[in-house]
Amino acid sequence: MTATLHFSCESLASDGTRTNRLVSLEPKRFVIAGWTGRNAAAIEHHIEELAALGVPRPSTVPLYYRAGKESLSQAASIEVLGPDSSGEAEPVLFFAEGEWWLTVGSDHTDRQVESYSVAVSKQMCPKPIATSAWRWSDIQDRQDEIVLESRILEDGEWVVYQQGTLASIRPLASLRDGFFTQPGCQAEAGHFLSCGTLGAIPNAAGQAIRPAQATELTLRDPVLGRAITHRYAVDILPVIA
């Protein structure tokens, strides 16, 4: 059974007044857009990051992976099988009450499985998602100003893992329309689209994509001084042969 998700959704009036309301909805469709970098060099960098883990090159860019709608989770922790998974911050659009909303999530992925099938890897782990959202129409014209960041708990310390702006990602509206204008894919309440990520910042040993004890995701709006943050811990289950 798919769990109902709850979001504190903020919208702006013409005079700048902010209004929050609780929106609850059951996910009906979950799509993960991959290889969504706006800059060709940035896309190639991410492809090379994953190639270092044995992940085959994509057939085209962007790609739209279907994922289980029940994988979306607002829990404070997730359970994964084995030590080879890691998260990555992504802007997430979802459709509710006749409008699109923006939040932040993590395409938490089993990297070992990803090395032989990206599509299969999308089904292997829960996908954390925040509990707050902004109305997309309020900020779509200034997407490039929105900051996307993640931190990971590594050796007992929080370190910056990803950092940049949504200017590094294709316009979210074009990613949305690239999927939801296809025949049979019209947007409905409960449809979610994860819109891609940024490259990981290597540690002192030069390792970029890597597992962590916990991950913190943030979308920051520097113009209005607001942020959406979600933190989750990772509980590793033993691999039993």
# chains A, B, ... in the order shown; residues from 1 in each chain; ligands from 1
call {"tool": "closest_atom_pairs", "arguments": {"of": "region 101-196 of chain A", "to": "region 79-91 of chain A", "cutoff": "12 Å", "atoms": "only C-alpha atoms", "output": "JSON lines"}}
result
{"residue": "A:Trp101", "atom": "CA", "partner": "A:Pro91", "partner_atom": "CA", "distance": 10.3}
{"residue": "A:Leu102", "atom": "CA", "partner": "A:Pro91", "partner_atom": "CA", "distance": 6.8}
{"residue": "A:Thr103", "atom": "CA", "partner": "A:Pro91", "partner_atom": "CA", "distance": 5.9}
{"residue": "A:Val104", "atom": "CA", "partner": "A:Pro91", "partner_atom": "CA", "distance": 4.7}
{"residue": "A:Gly105", "atom": "CA", "partner": "A:Glu90", "partner_atom": "CA", "distance": 5.3}
{"residue": "A:Ser106", "atom": "CA", "partner": "A:Ala89", "partner_atom": "CA", "distance": 4.7}
{"residue": "A:Asp107", "atom": "CA", "partner": "A:Glu88", "partner_atom": "CA", "distance": 5.6}
{"residue": "A:His108", "atom": "CA", "partner": "A:Gly87", "partner_atom": "CA", "distance": 3.9}
{"residue": "A:Thr109", "atom": "CA", "partner": "A:Ser85", "partner_atom": "CA", "distance": 5.3}
{"residue": "A:Asp110", "atom": "CA", "partner": "A:Ser85", "partner_atom": "CA", "distance": 4.1}
{"residue": "A:Arg111", "atom": "CA", "partner": "A:Ser85", "partner_atom": "CA", "distance": 5.4}
{"residue": "A:Gln112", "atom": "CA", "partner": "A:Asp84", "partner_atom": "CA", "distance": 6.0}
{"residue": "A:Val113", "atom": "CA", "partner": "A:Asp84", "partner_atom": "CA", "distance": 8.8}
{"residue": "A:Glu114", "atom": "CA", "partner": "A:Ser85", "partner_atom": "CA", "distance": 9.5}
{"residue": "A:Ser115", "atom": "CA", "partner": "A:Asp84", "partner_atom": "CA", "distance": 11.0}
{"residue": "A:Ser121", "atom": "CA", "partner": "A:Ser85", "partner_atom": "CA", "distance": 9.7}
{"residue": "A:Lys122", "atom": "CA", "partner": "A:Ser85", "partner_atom": "CA", "distance": 11.1}
{"residue": "A:Gln123", "atom": "CA", "partner": "A:Val80", "partner_atom": "CA", "distance": 11.4}
{"residue": "A:Met124", "atom": "CA", "partner": "A:Val80", "partner_atom": "CA", "distance": 8.0}
{"residue": "A:Cys125", "atom": "CA", "partner": "A:Val80", "partner_atom": "CA", "distance": 6.1}
{"residue": "A:Pro126", "atom": "CA", "partner": "A:Glu79", "partner_atom": "CA", "distance": 7.6}
{"residue": "A:Lys127", "atom": "CA", "partner": "A:Gly87", "partner_atom": "CA", "distance": 8.7}
{"residue": "A:Pro128", "atom": "CA", "partner": "A:Gly87", "partner_atom": "CA", "distance": 8.9}
{"residue": "A:Ile129", "atom": "CA", "partner": "A:Glu90", "partner_atom": "CA", "distance": 9.3}
{"residue": "A:Ala130", "atom": "CA", "partner": "A:Pro91", "partner_atom": "CA", "distance": 10.3}
{"residue": "A:Ala133", "atom": "CA", "partner": "A:Pro91", "partner_atom": "CA", "distance": 10.4}
{"residue": "A:Trp134", "atom": "CA", "partner": "A:Pro91", "partner_atom": "CA", "distance": 11.2}
{"residue": "A:Trp136", "atom": "CA", "partner": "A:Pro91", "partner_atom": "CA", "distance": 11.1}
{"residue": "A:Gln143", "atom": "CA", "partner": "A:Pro91", "partner_atom": "CA", "distance": 10.5}
{"residue": "A:Ile146", "atom": "CA", "partner": "A:Pro91", "partner_atom": "CA", "distance": 9.9}
{"residue": "A:Val147", "atom": "CA", "partner": "A:Pro91", "partner_atom": "CA", "distance": 10.0}
{"residue": "A:Leu148", "atom": "CA", "partner": "A:Ala89", "partner_atom": "CA", "distance": 7.2}
{"residue": "A:Glu149", "atom": "CA", "partner": "A:Ala89", "partner_atom": "CA", "distance": 6.7}
{"residue": "A:Ser150", "atom": "CA", "partner": "A:Ala89", "partner_atom": "CA", "distance": 5.8}
{"residue": "A:Arg151", "atom": "CA", "partner": "A:Ala89", "partner_atom": "CA", "distance": 9.1}
{"residue": "A:Ile152", "atom": "CA", "partner": "A:Gly87", "partner_atom": "CA", "distance": 8.9}
{"residue": "A:Leu153", "atom": "CA", "partner": "A:Ser86", "partner_atom": "CA", "distance": 11.4}
{"residue": "A:Glu154", "atom": "CA", "partner": "A:Ser86", "partner_atom": "CA", "distance": 11.8}
{"residue": "A:Val160", "atom": "CA", "partner": "A:Ala89", "partner_atom": "CA", "distance": 11.6}
{"residue": "A:Tyr161", "atom": "CA", "partner": "A:Glu88", "partner_atom": "CA", "distance": 8.6}
{"residue": "A:Gln162", "atom": "CA", "partner": "A:Ala89", "partner_atom": "CA", "distance": 7.6}
{"residue": "A:Gln163", "atom": "CA", "partner": "A:Ala89", "partner_atom": "CA", "distance": 9.3}
{"residue": "A:Gly164", "atom": "CA", "partner": "A:Ala89", "partner_atom": "CA", "distance": 10.7}
{"residue": "A:Thr165", "atom": "CA", "partner": "A:Pro91", "partner_atom": "CA", "distance": 10.5}
{"residue": "A:Leu166", "atom": "CA", "partner": "A:Pro91", "partner_atom": "CA", "distance": 8.3}
{"residue": "A:Ala167", "atom": "CA", "partner": "A:Pro91", "partner_atom": "CA", "distance": 11.8}
{"residue": "A:Ser168", "atom": "CA", "partner": "A:Glu90", "partner_atom": "CA", "distance": 11.6}
{"residue": "A:Ile169", "atom": "CA", "partner": "A:Pro91", "partner_atom": "CA", "distance": 9.5}
{"residue": "A:Arg170", "atom": "CA", "partner": "A:Pro91", "partner_atom": "CA", "distance": 11.3}
{"residue": "A:Pro171", "atom": "CA", "partner": "A:Pro91", "partner_atom": "CA", "distance": 11.1}
{"residue": "A:Leu172", "atom": "CA", "partner": "A:Pro91", "partner_atom": "CA", "distance": 8.5}
{"residue": "A:Ala173", "atom": "CA", "partner": "A:Pro91", "partner_atom": "CA", "distance": 11.7}
{"residue": "A:Leu175", "atom": "CA", "partner": "A:Pro91", "partner_atom": "CA", "distance": 11.4}
{"residue": "A:Arg176", "atom": "CA", "partner": "A:Pro91", "partner_atom": "CA", "distance": 11.7}
{"residue": "A:Phe192", "atom": "CA", "partner": "A:Pro91", "partner_atom": "CA", "distance": 10.6}
{"residue": "A:Leu193", "atom": "CA", "partner": "A:Pro91", "partner_atom": "CA", "distance": 8.5}
{"residue": "A:Ser194", "atom": "CA", "partner": "A:Pro91", "partner_atom": "CA", "distance": 6.1}
{"residue": "A:Cys195", "atom": "CA", "partner": "A:Pro91", "partner_atom": "CA", "distance": 5.6}
{"residue": "A:Gly196", "atom": "CA", "partner": "A:Glu90", "partner_atom": "CA", "distance": 5.4}
call {"tool": "select_by_dssp", "arguments": {"residues": "region 1-194 of chain A", "states": "alpha helix (DSSP H)", "output": "PyMOL selection string"}}
result
chain A and resi 40-51+111-114+118-121+136-139+172-180
call {"tool": "closest_residue", "arguments": {"among": "A:Val239, A:Ala40, A:Ala75, A:Ala189", "to": "Leu25 (chain A)", "atoms": "only C-alpha atoms"}}
result
A:Ala189
call {"tool": "residues_around", "arguments": {"residues": "Glu48 (chain A)", "least_positions_apart": "4", "cutoff": "12 Å", "atoms": "only C-alpha atoms", "output": "PyMOL selection string"}}
result
chain A and resi 35+41-44+52-58+199-200+208-209
